[in-house]
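Peer 1: First the structure, then my questions, so here it is.
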Protein chains: 2
Amino acid sequence: MSKVYVTGHKSPDTDSIAAAISYSYLKRQLGMDAVAARAGEPNKETKFALDYFKVEAPVLLTSVARKSESDEKTKIILVDHNESKQCVDGIKDADVLELIDHHRLGDFETESPIFILIRPVGCVNTVIYGLYKQNGVKPSKEVAGMMLSAIISDTVLFRSPTCTEEDKKAVKELAEIAGVDYEKYGMDMLKAGADISDYPAEKLAHNDTKEFEAGGKTFSCGQISVMDVEPINAKKADIMKALEDTKAEKKYEASYLMVTNILTEDTYLWFTEGAKDAAEKAFGKKAENGMIYLPKVMSRKKQVAPFLLKVYGE
Amino acid sequence: MSKVYVTGHKSPDTDSIAAAISYSYLKRQLGMDAVAARAGEPNKETKFALDYFKVEAPVLLTSVARKSESDEKTKIILVDHNESKQCVDGIKDADVLELIDHHRLGDFETESPIFILIRPVGCVNTVIYGLYKQNGVKPSKEVAGMMLSAIISDTVLFRSPTCTEEDKKAVKELAEIAGVDYEKYGMDMLKAGADISDYPAEKLAHNDTKEFEAGGKTFSCGQISVMDVEPINAKKADIMKALEDTKAEKKYEASYLMVTNILTEDTYLWFTEGAKDAAEKAFGKKAENGMIYLPKVMSRKKQVAPFLLKVYGE
């Protein structure tokens, strides 16, 4: 059997990169020629984790499009995403063998039955860890380190409402294997990810951005985690300009950016011009200073995307 | 928590009925107030199994539509299907909690993450049996009997190309629990299902019919298992008339009927007027006497639907 690429979503976060690493490792133990891949550059937080555990970044795979119909299809396994807008380019040309996720099921369809496992837990690495257990496989120290980094990232060290008891248990067990103090390591990793001091506005505007489609309309929603909103607020004008430019270029209905403070556990939702009504309707509250304040909101998946999808889907 | 209905697809087959019974039983053991439901009448084969193992048919649930937006949503778990065309009426009004299946992923979407498990095995009861094992739960004698009936039905006693080693292993283990000779019982059950002698043409035309959508076009494909094609061929004119009537009434692009001989392990694919080109294109062979002969074809899911979907999706 030819190589199978395991890949997460575009604008990969720590979970997508770690899942490509951990699931390809598991599949190799089970006899598949699986290769970890990534659909974009690792962010600062992910780089911190890769450096800490001395793990190589997955290979870059930005397109699986074929040049002609007679070309062989690239075999891939999707982890941490399933909506076509978030997939590597050319996904329609690929042969998707499996899907492992923890997000809502979007517009993903298959021609034949394949293995699909989606579980409502905080992190896809928790789902993958369950598959390690089912198959009686133990991750290596390095892989365990990447897996716990992903769970800490996605659950913001257990603070996110998406975090389940199973996520916590997985981190504790993986920390034993990796030999780290997960609380100390976790805060250091989150801090590294929240350091936006040297990020240009262009980069902040598109951080961890995902596209969504509802009612034939496409919108984007990025998210950036900070430990203080002042530095990013100081750059708001430039960030919004970059966001408006991309919205126009990609013909989005609207673009959103969640500025999430992981210490105070709340989010300011920024939005492009014209999206005020939709945003206010989605969250049932008024915008102030061009943003909507959402206390206790940290999860795009659980607390933001469903409400925007509902409004655009109407 | 209020009642949760576990239901299979419209025009239920033995797998859909048995999965509603077996998965609701498992969920009850795990503390959920789960009720087995069905989206239509059990067929002859299923009735044979229910009678043999003295199991009551699931409750009839033909619609989950709400009368007003303020009505509570019906909580359901989908087993053995995921395409909206095959779901109980009013599915958009329901709160779908889980999906357990063994078919291709169709147009099913969720607003939030839910537990979804799809595995490419011959029968959804094999998937469910895996979940029994994972949860350390043993089915009752009666439930085990229904589960093995479903696997025998879907794999035509291991003859279908969809049958995996895991399906066979599950039947053998379940037969121990149920205390039956699965080969003898299986042939008796298949024989009961293949007895179409007292079926009117109208019923034969719509046996185990599923709707599919591709490229904005909807077509239907039914399947009927026989042990001799002569009796059904003798009724072909009347059956085709019923098929044409339904096609017109439901505005289908086309209607197909698989007449599958489970002894000779082949299928004659019947089709409505105007579908000849699509059918010939899908299977790369010429129709004769208004049908396409498909040797070694027994599985709609694996050997028929993907090829028709491809042609209509172009």
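Ordering of the structure tokens sets the chain letters (A, B, ...); residue numbers start at 1 within each chain; ligands are numbered from 1 in the order shown.
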I want to know what sits within 9 Å of region 141-146 of chain B, based on only C-alpha atoms, with residues of the same chain fewer than 4 positions away left out; could you give that as an MDAnalysis selection string?
Peer 2: chainID B and resid 14:15 17:19 21:22 25 46 49:50 52:55 150:151 171 173:180
Peer 1: For chain A, which residues have at least one atom within 12 Å of chain B, if we go by only C-alpha atoms? Write them as a count of residues only, please.
Peer 2: 57
Peer 1: For region 263-274 of chain A, please output as a list of chain:residue names all residues within 6 Å (counting only C-alpha atoms; exclusion window: fewer than 6 positions along the same chain).
Peer 2: A:Met227, A:Ala254, A:Ser255, A:Tyr256, A:Leu257, A:Met291, A:Ile292, A:Tyr293, A:Leu294, A:Pro295, A:Lys296, A:Val297
Peer 1: Distance CA of Glu288 (chain B)-CA of Asn261 (chain B), one decimal place?
Peer 2: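 Separation of CA of Glu288 (chain B) and CA of Asn261 (chain B): 17.6 Å.
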Peer 1: Identify, with DSSP run on backbone atoms, the residues in region 135-201 of chain A assigned to alpha helix (DSSP H), and express the list as a VMD selection string.
Peer 2: chain A and resid 141 to 155 165 to 178 182 to 194 201
Peer 1: Please give the complete set of residues from region 8-227 of chain A that DSSP, run on the backbone, assigns to strand (DSSP E or B), formatted as a PyMOL selection string.
Peer 2: chain A and resi 34-38+59-60+63+75-79+89+95-101+115-118+210-214+217-226
Peer 1: Report as an MDAnalysis selection string all protein, DNA and RNA residues lying within 9 Å of Tyr182 (chain B), evaluated on only C-alpha atoms, omitting residues in the same chain fewer than 6 positions from it.
Peer 2: chainID B and resid 148:149 152 157 171:172 175
